[in-house]
Amino acid sequence: MVGLEPGITPLPIIVAYFIIAVGIAFFIIKKSSKKLNAIDLAIVGVGGALVAIADHIVGDAIFLPSGIYPIINPPVWFRIFVFFIVIGAVRKVGSGMLTMAVFDIVGDLIHFSFVGEPLWLIEDVFTYGLMADIVIFLTGGKIFAIGEKLKSRFDFLLISALEGGALGFFFSFVHPFFTYGFIAPEVFGFVPDQAEITYLFVTYIPGDILIGAISAIIANRISKVIR
Amino acid sequence: MNLVDVVISWFFVIFGASFPLYLLLVAIGIKGFEQLTHYVEKNTIMHKVNPLTKLIILLLITIVASQSIWWIGFMLGLIGLIFFIPLQRVRLIILFSVTQIFGMTWGFSVFTPPSLLLEIFHKLNVIWTFPSYFQIMGYVPDLTIQALIYGFQVSMRVWGMFIFSMLVLLTTTTSQMINALSKFKVPLGITFAVTIAMISIPRIFETADTAYKIQVMRGEKKIIALFQSIVPTTIFLFKNAKITGISAETRCFMESNSRTELDEIKLSEVDKIIISLAIILTIVDLYFVAIGLIPAIPLHG
């Protein structure tokens, strides 16, 4: 039998992360005063489906398996782009995790099937979704400077780009260490390569930061039209 | 390495990326996607089965395919294809399957370390050598027959589940799915959001198609029209979602945590037989895997 070591992310790290993540998720949901209403849920529903199509159909079609990936990474970029618009439109704690849950379920249905579930669901909800919700919580529901009373347009751009870029940076950890480094090997039965993980991580960072910043600025503008 | 080899290597890279894209956008197209994701109104066996039964079968197929050798997934996929005949979606599902299988096979074959392949196959037959700088992009130096076989085997682990997932999507209405999710005690808010999402899938394609055609009619080039249709599509869909949310709120949605049902769907005798049979077959498969009669691949020789 062939082992998955040494490439695989150590199990204790994965378990510790998700235990802490669940704790933080409960904490911020409990502390948050604004609850999701039917309009928010409807936007999250449509948004989750849009994210799934943008990522798993449009994005994957471009990404497949070009050597340019992951320097230019359409599925992840499209995911970030649409996801930021959705959380920008709702701006309530829980919207990030719920959007990612919907994205995951719809994505399963239209593309990857249910192989590996519920691992993907847990990963998406408590990584991308939770990270977005933490920013919503920390900004008091004014993520990407939406709803802020700032003096100049430059301030809006700066805050949006900073928050979007920061989220993009944290998103960069997810695919190399969680998806490729742990869950995919368990599900598909391949051995992860340590060099590939390092390569993925290094190449994800600039792209995710850039697209995160751009998406946040666009989300800032689109959310005003939607709500 | 001479220039011809470099050109051929890059051709492989570009072909690997563009062939699935061609199938997706040209052979299937937006209309094809709409047909592959929209409920098909027919009276087949899959329509008669309880959605809960379908979800349980899907879960069991996932367990079986992910634990067993590749040809189990392949066989499950072939069985699933039969159910697409009365739905008249065979051509579309085959084309969509090819994009998935080709993409996964190619993706795994150029990125899988040869050391792993040697452990599984014990020998490697090199069919192409990439330029050394391809390793910067994560490519392995040599493309081998064993790498292609390995990639195909990995894709087959997923194919059976993929086929049955599409089958559930084509033969289950949204309200049936809500009932199934409610049975699983999923919170009402999440059920609502997922339901809206499922309704939205074909609507997204319709809206995107319309927005794209309007941009083309305005005289934009096709690729520019594609990008210019993103924002109008998004805004239109979100505004519709807002109206849906308001409609739900005016009908006191979520005033209580549980939903009432006028006509409760129950598991029929046929459903019970199908579920029992599926569970027995799953247990048999897992037993055969455990004793080594069915190898689990690629990790278990």
# chains A, B, ... in the order shown; residues from 1 in each chain; ligands from 1
call {"tool": "residues_around", "arguments": {"residues": "Phe130 in chain B", "least_positions_apart": "4", "cutoff": "10 Å", "atoms": "only C-alpha atoms", "output": "PDB file with N, CA, C and O atoms, in the first residue's frame"}}
result
ATOM      1  N   MET B   1      16.844  19.997 -26.636  1.00  0.00           N
ATOM      2  CA  MET B   1      15.492  19.870 -27.215  1.00  0.00           C
ATOM      3  C   MET B   1      15.320  20.849 -28.380  1.00  0.00           C
ATOM      4  O   MET B   1      15.623  22.037 -28.235  1.00  0.00           O
ATOM      5  N   ASP B   5      10.096  20.027 -30.937  1.00  0.00           N
ATOM      6  CA  ASP B   5       9.671  19.409 -29.672  1.00  0.00           C
ATOM      7  C   ASP B   5       9.028  20.435 -28.741  1.00  0.00           C
ATOM      8  O   ASP B   5       8.043  20.142 -28.057  1.00  0.00           O
ATOM      9  N   VAL B   6       9.630  21.627 -28.720  1.00  0.00           N
ATOM     10  CA  VAL B   6       9.077  22.688 -27.857  1.00  0.00           C
ATOM     11  C   VAL B   6       7.667  23.066 -28.319  1.00  0.00           C
ATOM     12  O   VAL B   6       6.732  23.187 -27.520  1.00  0.00           O
ATOM     13  N   ILE B   8       5.575  21.227 -30.052  1.00  0.00           N
ATOM     14  CA  ILE B   8       4.642  20.119 -29.764  1.00  0.00           C
ATOM     15  C   ILE B   8       4.274  20.104 -28.275  1.00  0.00           C
ATOM     16  O   ILE B   8       3.111  19.901 -27.910  1.00  0.00           O
ATOM     17  N   SER B   9       5.271  20.369 -27.407  1.00  0.00           N
ATOM     18  CA  SER B   9       4.999  20.397 -25.960  1.00  0.00           C
ATOM     19  C   SER B   9       3.967  21.468 -25.631  1.00  0.00           C
ATOM     20  O   SER B   9       3.030  21.236 -24.862  1.00  0.00           O
ATOM     21  N   TRP B  10       4.153  22.638 -26.223  1.00  0.00           N
ATOM     22  CA  TRP B  10       3.187  23.716 -25.968  1.00  0.00           C
ATOM     23  C   TRP B  10       1.827  23.410 -26.589  1.00  0.00           C
ATOM     24  O   TRP B  10       0.795  23.806 -26.057  1.00  0.00           O
ATOM     25  N   PHE B  12       0.513  20.466 -26.670  1.00  0.00           N
ATOM     26  CA  PHE B  12      -0.133  19.604 -25.669  1.00  0.00           C
ATOM     27  C   PHE B  12      -0.774  20.444 -24.564  1.00  0.00           C
ATOM     28  O   PHE B  12      -1.901  20.191 -24.140  1.00  0.00           O
ATOM     29  N   VAL B 110      -0.023  14.807 -16.126  1.00  0.00           N
ATOM     30  CA  VAL B 110       1.148  15.692 -16.247  1.00  0.00           C
ATOM     31  C   VAL B 110       1.649  16.222 -14.901  1.00  0.00           C
ATOM     32  O   VAL B 110       2.695  16.857 -14.843  1.00  0.00           O
ATOM     33  N   PHE B 134       9.261  23.452 -17.986  1.00  0.00           N
ATOM     34  CA  PHE B 134       7.866  23.115 -17.668  1.00  0.00           C
ATOM     35  C   PHE B 134       7.725  22.727 -16.191  1.00  0.00           C
ATOM     36  O   PHE B 134       6.636  22.797 -15.625  1.00  0.00           O
ATOM     37  N   GLN B 135       8.849  22.302 -15.582  1.00  0.00           N
ATOM     38  CA  GLN B 135       8.783  21.890 -14.172  1.00  0.00           C
ATOM     39  C   GLN B 135       8.476  23.068 -13.260  1.00  0.00           C
ATOM     40  O   GLN B 135       7.968  22.892 -12.150  1.00  0.00           O
ATOM     41  N   TYR B 139       4.840  20.738 -13.936  1.00  0.00           N
ATOM     42  CA  TYR B 139       4.777  19.558 -14.801  1.00  0.00           C
ATOM     43  C   TYR B 139       5.880  18.561 -14.425  1.00  0.00           C
ATOM     44  O   TYR B 139       6.974  18.957 -14.041  1.00  0.00           O
ATOM     45  N   VAL B 140       5.565  17.270 -14.580  1.00  0.00           N
ATOM     46  CA  VAL B 140       6.617  16.263 -14.426  1.00  0.00           C
ATOM     47  C   VAL B 140       7.446  16.264 -15.718  1.00  0.00           C
ATOM     48  O   VAL B 140       6.940  16.636 -16.777  1.00  0.00           O
ATOM     49  N   PRO B 141       8.722  15.847 -15.641  1.00  0.00           N
ATOM     50  CA  PRO B 141       9.560  15.934 -16.853  1.00  0.00           C
ATOM     51  C   PRO B 141       9.035  15.082 -18.017  1.00  0.00           C
ATOM     52  O   PRO B 141       9.051  15.518 -19.152  1.00  0.00           O
ATOM     53  N   ASP B 142       8.562  13.855 -17.695  1.00  0.00           N
ATOM     54  CA  ASP B 142       8.151  12.931 -18.755  1.00  0.00           C
ATOM     55  C   ASP B 142       6.669  12.575 -18.653  1.00  0.00           C
ATOM     56  O   ASP B 142       6.162  12.318 -17.558  1.00  0.00           O
ATOM     57  N   LEU B 143       6.039  12.540 -19.828  1.00  0.00           N
ATOM     58  CA  LEU B 143       4.668  12.033 -19.879  1.00  0.00           C
ATOM     59  C   LEU B 143       4.755  10.540 -20.192  1.00  0.00           C
ATOM     60  O   LEU B 143       5.388  10.145 -21.169  1.00  0.00           O
TER      61      LEU B 143
END
call {"tool": "residues_around", "arguments": {"residues": "Tyr128 in chain A", "least_positions_apart": "4", "cutoff": "12 Å", "atoms": "only C-alpha atoms", "output": "ChimeraX atom specification"}}
result
/A:21,76,79-80,83-84,87,94-101,103-104,120-124,132-135,167-175,178-179
call {"tool": "closest_residue", "arguments": {"among": "A:Ile43, A:Ala54, A:Ala161, A:Ile143", "to": "chain B", "atoms": "only C-alpha atoms"}}
result
A:Ile43
call {"tool": "residues_around", "arguments": {"residues": "Val225 in chain A", "least_positions_apart": "6", "cutoff": "12 Å", "atoms": "only C-alpha atoms", "output": "tab-separated table (two decimals) with N, CA and C atoms, in the first residue's frame"}}
result
chain	number	residue	atom	x	y	z
A	85	ILE	N	-19.28	39.78	-4.40
A	85	ILE	CA	-20.50	40.53	-4.74
A	85	ILE	C	-21.65	40.09	-3.83
A	88	GLY	N	-21.07	41.25	-0.29
A	88	GLY	CA	-21.21	42.70	-0.30
A	88	GLY	C	-22.68	43.11	-0.34
A	89	ALA	N	-23.50	42.30	-1.01
A	89	ALA	CA	-24.93	42.62	-1.10
A	89	ALA	C	-25.65	42.31	0.21
A	146	ILE	N	-18.68	49.29	2.24
A	146	ILE	CA	-20.06	49.53	1.81
A	146	ILE	C	-20.84	50.06	3.02
A	218	ILE	N	-15.43	46.20	-7.11
A	218	ILE	CA	-16.63	45.97	-7.95
A	218	ILE	C	-17.83	45.64	-7.06
A	219	ALA	N	-17.59	44.83	-6.02
A	219	ALA	CA	-18.68	44.48	-5.10
A	219	ALA	C	-19.24	45.73	-4.43
B	231	VAL	N	-22.06	41.69	-15.60
B	231	VAL	CA	-22.67	42.61	-14.61
B	231	VAL	C	-24.19	42.70	-14.78
B	232	PRO	N	-24.73	42.91	-16.01
B	232	PRO	CA	-26.20	42.93	-16.13
B	232	PRO	C	-26.85	41.65	-15.65
B	234	THR	N	-25.74	39.54	-13.37
B	234	THR	CA	-25.66	39.48	-11.91
B	234	THR	C	-26.71	40.38	-11.27
B	235	ILE	N	-26.78	41.61	-11.75
B	235	ILE	CA	-27.72	42.57	-11.14
B	235	ILE	C	-29.16	42.10	-11.34
B	236	PHE	N	-29.48	41.64	-12.56
B	236	PHE	CA	-30.85	41.18	-12.85
B	236	PHE	C	-31.23	40.02	-11.92
B	237	LEU	N	-30.31	39.07	-11.76
B	237	LEU	CA	-30.60	37.90	-10.92
B	237	LEU	C	-30.77	38.28	-9.45
B	238	PHE	N	-29.91	39.16	-8.97
B	238	PHE	CA	-30.00	39.57	-7.56
B	238	PHE	C	-31.26	40.38	-7.29
B	239	LYS	N	-31.64	41.20	-8.27
B	239	LYS	CA	-32.88	41.97	-8.08
B	239	LYS	C	-34.08	41.03	-8.02
B	242	LYS	N	-34.22	39.44	-4.71
B	242	LYS	CA	-34.78	40.35	-3.71
B	242	LYS	C	-36.32	40.29	-3.73
call {"tool": "residues_around", "arguments": {"residues": "Ile211 in chain A", "least_positions_apart": "2", "cutoff": "9 Å", "atoms": "only C-alpha atoms", "output": "list in words"}}
result
Trp77, Phe78, Ile80, Phe81, Gly164, Gly165, Gly168, Pro206, Gly207, Asp208, Ile209, Ala213, Ile214, Ser215 and Ala216 of chain A
call {"tool": "residues_around", "arguments": {"residues": "Ile279 in chain B", "least_positions_apart": "6", "cutoff": "10 Å", "atoms": "only C-alpha atoms", "output": "PDB file with N, CA, C and O atoms, in the first residue's frame"}}
result
ATOM      1  N   ILE B  56     -30.136   8.836  -1.100  1.00  0.00           N
ATOM      2  CA  ILE B  56     -29.458   7.722  -0.399  1.00  0.00           C
ATOM      3  C   ILE B  56     -28.618   6.913  -1.399  1.00  0.00           C
ATOM      4  O   ILE B  56     -27.472   6.560  -1.124  1.00  0.00           O
ATOM      5  N   ILE B  57     -29.206   6.645  -2.582  1.00  0.00           N
ATOM      6  CA  ILE B  57     -28.463   5.897  -3.618  1.00  0.00           C
ATOM      7  C   ILE B  57     -27.190   6.649  -4.003  1.00  0.00           C
ATOM      8  O   ILE B  57     -26.109   6.073  -4.128  1.00  0.00           O
ATOM      9  N   LEU B  60     -24.606   6.238  -1.396  1.00  0.00           N
ATOM     10  CA  LEU B  60     -24.028   4.888  -1.424  1.00  0.00           C
ATOM     11  C   LEU B  60     -23.088   4.722  -2.622  1.00  0.00           C
ATOM     12  O   LEU B  60     -22.026   4.103  -2.504  1.00  0.00           O
ATOM     13  N   ILE B  61     -23.489   5.298  -3.758  1.00  0.00           N
ATOM     14  CA  ILE B  61     -22.626   5.221  -4.947  1.00  0.00           C
ATOM     15  C   ILE B  61     -21.307   5.944  -4.675  1.00  0.00           C
ATOM     16  O   ILE B  61     -20.239   5.478  -5.073  1.00  0.00           O
ATOM     17  N   ILE B 273     -37.464  -1.370  -1.218  1.00  0.00           N
ATOM     18  CA  ILE B 273     -36.721  -2.474  -1.864  1.00  0.00           C
ATOM     19  C   ILE B 273     -35.437  -1.932  -2.499  1.00  0.00           C
ATOM     20  O   ILE B 273     -34.351  -2.509  -2.350  1.00  0.00           O
ATOM     21  N   ASP B 285     -19.821  -4.856  -1.763  1.00  0.00           N
ATOM     22  CA  ASP B 285     -18.655  -4.216  -2.399  1.00  0.00           C
ATOM     23  C   ASP B 285     -17.572  -3.918  -1.364  1.00  0.00           C
ATOM     24  O   ASP B 285     -16.398  -4.227  -1.574  1.00  0.00           O
TER      25      ASP B 285
END
call {"tool": "residues_around", "arguments": {"residues": "Lys54 in chain B", "least_positions_apart": "6", "cutoff": "9 Å", "atoms": "only C-alpha atoms", "output": "ChimeraX atom specification"}}
result
/B:46,164,168,172,275
call {"tool": "residues_around", "arguments": {"residues": "Ile71 in chain A", "least_positions_apart": "6", "cutoff": "10 Å", "atoms": "only C-alpha atoms", "output": "number ranges by chain"}}
result
A: 199-200, 202-208; B: 137
call {"tool": "decode", "arguments": {"residues": "range 39-187 of chain B", "atoms": "C-alpha atoms", "output": "mmCIF file, in the first residue's frame"}}
result
data_model
loop_
_atom_site.group_PDB
_atom_site.id
_atom_site.type_symbol
_atom_site.label_atom_id
_atom_site.label_comp_id
_atom_site.auth_asym_id
_atom_site.auth_seq_id
_atom_site.Cartn_x
_atom_site.Cartn_y
_atom_site.Cartn_z
ATOM 1 C CA TYR B 39 -35.900 19.228 -14.780
ATOM 2 C CA VAL B 40 -37.125 16.942 -17.575
ATOM 3 C CA GLU B 41 -40.835 16.241 -17.459
ATOM 4 C CA LYS B 42 -41.184 12.521 -18.218
ATOM 5 C CA ASN B 43 -42.614 9.477 -16.542
ATOM 6 C CA THR B 44 -39.538 7.311 -16.090
ATOM 7 C CA ILE B 45 -38.620 5.011 -13.198
ATOM 8 C CA MET B 46 -36.300 7.703 -11.819
ATOM 9 C CA HIS B 47 -39.205 10.159 -11.692
ATOM 10 C CA LYS B 48 -41.299 7.712 -9.693
ATOM 11 C CA VAL B 49 -38.646 7.039 -7.054
ATOM 12 C CA ASN B 50 -38.783 9.103 -3.856
ATOM 13 C CA PRO B 51 -36.135 11.908 -3.853
ATOM 14 C CA LEU B 52 -34.945 10.633 -0.487
ATOM 15 C CA THR B 53 -34.234 7.271 -2.122
ATOM 16 C CA LYS B 54 -32.279 9.006 -4.881
ATOM 17 C CA LEU B 55 -30.159 10.909 -2.358
ATOM 18 C CA ILE B 56 -29.458 7.722 -0.399
ATOM 19 C CA ILE B 57 -28.463 5.897 -3.618
ATOM 20 C CA LEU B 58 -26.204 8.815 -4.520
ATOM 21 C CA LEU B 59 -24.524 8.653 -1.126
ATOM 22 C CA LEU B 60 -24.028 4.888 -1.424
ATOM 23 C CA ILE B 61 -22.626 5.221 -4.947
ATOM 24 C CA THR B 62 -20.190 7.824 -3.624
ATOM 25 C CA ILE B 63 -19.007 5.421 -0.927
ATOM 26 C CA VAL B 64 -18.687 2.498 -3.349
ATOM 27 C CA ALA B 65 -16.925 4.421 -6.140
ATOM 28 C CA SER B 66 -14.478 6.192 -3.853
ATOM 29 C CA GLN B 67 -13.455 2.949 -2.143
ATOM 30 C CA SER B 68 -13.262 0.614 -5.133
ATOM 31 C CA ILE B 69 -11.133 0.044 -8.218
ATOM 32 C CA TRP B 70 -11.747 2.338 -11.201
ATOM 33 C CA TRP B 71 -13.864 -0.093 -13.217
ATOM 34 C CA ILE B 72 -16.507 -0.141 -10.499
ATOM 35 C CA GLY B 73 -17.001 3.600 -11.082
ATOM 36 C CA PHE B 74 -16.948 2.986 -14.829
ATOM 37 C CA MET B 75 -19.636 0.304 -14.545
ATOM 38 C CA LEU B 76 -21.775 2.520 -12.317
ATOM 39 C CA GLY B 77 -21.460 5.268 -14.924
ATOM 40 C CA LEU B 78 -22.532 2.945 -17.734
ATOM 41 C CA ILE B 79 -25.544 1.805 -15.712
ATOM 42 C CA GLY B 80 -26.402 5.457 -15.034
ATOM 43 C CA LEU B 81 -26.188 6.271 -18.747
ATOM 44 C CA ILE B 82 -29.076 3.885 -19.459
ATOM 45 C CA PHE B 83 -31.394 6.135 -17.456
ATOM 46 C CA PHE B 84 -30.534 9.075 -19.718
ATOM 47 C CA ILE B 85 -32.022 7.367 -22.792
ATOM 48 C CA PRO B 86 -35.690 8.059 -21.945
ATOM 49 C CA LEU B 87 -34.658 11.583 -20.869
ATOM 50 C CA GLN B 88 -33.182 12.211 -24.360
ATOM 51 C CA ARG B 89 -30.014 13.687 -22.900
ATOM 52 C CA VAL B 90 -27.517 10.934 -23.839
ATOM 53 C CA ARG B 91 -25.495 13.014 -26.328
ATOM 54 C CA LEU B 92 -25.232 15.953 -23.934
ATOM 55 C CA ILE B 93 -24.250 13.870 -20.929
ATOM 56 C CA ILE B 94 -21.608 12.015 -22.937
ATOM 57 C CA LEU B 95 -20.123 15.288 -24.183
ATOM 58 C CA PHE B 96 -20.147 16.708 -20.657
ATOM 59 C CA SER B 97 -18.603 13.477 -19.351
ATOM 60 C CA VAL B 98 -15.805 13.711 -21.925
ATOM 61 C CA THR B 99 -14.894 17.214 -20.707
ATOM 62 C CA GLN B 100 -14.630 15.884 -17.155
ATOM 63 C CA ILE B 101 -12.772 12.680 -18.016
ATOM 64 C CA PHE B 102 -10.378 14.368 -20.425
ATOM 65 C CA GLY B 103 -9.695 17.204 -17.987
ATOM 66 C CA MET B 104 -8.991 14.921 -15.046
ATOM 67 C CA THR B 105 -6.940 12.428 -17.057
ATOM 68 C CA TRP B 106 -4.739 15.124 -18.546
ATOM 69 C CA GLY B 107 -4.482 17.033 -15.280
ATOM 70 C CA PHE B 108 -3.330 14.028 -13.279
ATOM 71 C CA SER B 109 -1.060 12.606 -15.976
ATOM 72 C CA VAL B 110 1.148 15.692 -16.247
ATOM 73 C CA PHE B 111 1.297 16.488 -12.530
ATOM 74 C CA THR B 112 1.649 13.049 -10.902
ATOM 75 C CA PRO B 113 5.170 12.361 -9.580
ATOM 76 C CA PRO B 114 6.861 9.423 -11.360
ATOM 77 C CA SER B 115 7.918 7.972 -7.988
ATOM 78 C CA LEU B 116 4.254 7.320 -7.173
ATOM 79 C CA LEU B 117 3.586 5.822 -10.607
ATOM 80 C CA LEU B 118 6.546 3.496 -10.178
ATOM 81 C CA GLU B 119 5.174 2.264 -6.872
ATOM 82 C CA ILE B 120 1.832 1.476 -8.499
ATOM 83 C CA PHE B 121 2.865 0.217 -11.968
ATOM 84 C CA HIS B 122 6.484 -0.858 -11.286
ATOM 85 C CA LYS B 123 7.621 0.399 -14.729
ATOM 86 C CA LEU B 124 7.219 3.554 -16.810
ATOM 87 C CA ASN B 125 6.956 3.915 -20.603
ATOM 88 C CA VAL B 126 7.846 7.467 -21.581
ATOM 89 C CA ILE B 127 5.899 8.762 -24.569
ATOM 90 C CA TRP B 128 6.887 12.428 -24.403
ATOM 91 C CA THR B 129 9.488 14.592 -22.662
ATOM 92 C CA PHE B 130 8.605 18.180 -21.831
ATOM 93 C CA PRO B 131 11.145 21.038 -21.847
ATOM 94 C CA SER B 132 12.876 21.313 -18.465
ATOM 95 C CA TYR B 133 11.338 24.733 -17.717
ATOM 96 C CA PHE B 134 7.866 23.115 -17.668
ATOM 97 C CA GLN B 135 8.783 21.890 -14.172
ATOM 98 C CA ILE B 136 8.437 25.478 -12.950
ATOM 99 C CA MET B 137 4.744 25.118 -13.785
ATOM 100 C CA GLY B 138 4.572 21.907 -11.783
ATOM 101 C CA TYR B 139 4.777 19.558 -14.801
ATOM 102 C CA VAL B 140 6.617 16.263 -14.426
ATOM 103 C CA PRO B 141 9.560 15.934 -16.853
ATOM 104 C CA ASP B 142 8.151 12.931 -18.755
ATOM 105 C CA LEU B 143 4.668 12.033 -19.879
ATOM 106 C CA THR B 144 4.213 8.283 -19.550
ATOM 107 C CA ILE B 145 1.551 5.786 -20.591
ATOM 108 C CA GLN B 146 1.228 4.828 -16.913
ATOM 109 C CA ALA B 147 0.533 8.482 -16.018
ATOM 110 C CA LEU B 148 -2.301 8.605 -18.559
ATOM 111 C CA ILE B 149 -3.711 5.314 -17.245
ATOM 112 C CA TYR B 150 -3.459 6.599 -13.679
ATOM 113 C CA GLY B 151 -5.225 9.855 -14.635
ATOM 114 C CA PHE B 152 -7.979 7.924 -16.405
ATOM 115 C CA GLN B 153 -8.428 5.641 -13.406
ATOM 116 C CA VAL B 154 -8.744 8.600 -11.059
ATOM 117 C CA SER B 155 -11.330 10.179 -13.378
ATOM 118 C CA MET B 156 -13.325 6.940 -13.396
ATOM 119 C CA ARG B 157 -13.592 7.042 -9.597
ATOM 120 C CA VAL B 158 -15.623 10.191 -10.069
ATOM 121 C CA TRP B 159 -17.531 9.459 -13.274
ATOM 122 C CA GLY B 160 -20.166 7.111 -11.834
ATOM 123 C CA MET B 161 -21.051 9.598 -9.110
ATOM 124 C CA PHE B 162 -21.103 12.411 -11.636
ATOM 125 C CA ILE B 163 -23.583 10.572 -13.886
ATOM 126 C CA PHE B 164 -25.966 9.802 -11.009
ATOM 127 C CA SER B 165 -25.757 13.372 -9.700
ATOM 128 C CA MET B 166 -26.868 14.684 -13.075
ATOM 129 C CA LEU B 167 -29.630 12.086 -13.096
ATOM 130 C CA VAL B 168 -30.963 13.378 -9.771
ATOM 131 C CA LEU B 169 -30.850 16.928 -11.101
ATOM 132 C CA LEU B 170 -32.823 16.029 -14.246
ATOM 133 C CA THR B 171 -35.481 13.916 -12.551
ATOM 134 C CA THR B 172 -36.199 15.760 -9.313
ATOM 135 C CA THR B 173 -38.293 18.900 -8.982
ATOM 136 C CA THR B 174 -37.364 21.612 -6.545
ATOM 137 C CA SER B 175 -40.330 20.927 -4.277
ATOM 138 C CA GLN B 176 -39.405 17.244 -4.146
ATOM 139 C CA MET B 177 -35.885 18.205 -3.154
ATOM 140 C CA ILE B 178 -37.188 20.502 -0.408
ATOM 141 C CA ASN B 179 -39.181 17.621 1.006
ATOM 142 C CA ALA B 180 -36.118 15.392 0.958
ATOM 143 C CA LEU B 181 -33.973 18.022 2.691
ATOM 144 C CA SER B 182 -36.696 18.597 5.292
ATOM 145 C CA LYS B 183 -36.696 14.890 6.039
ATOM 146 C CA PHE B 184 -32.975 15.173 6.777
ATOM 147 C CA LYS B 185 -33.855 17.921 9.360
ATOM 148 C CA VAL B 186 -31.894 20.588 7.468
ATOM 149 C CA PRO B 187 -32.792 24.057 8.898
#
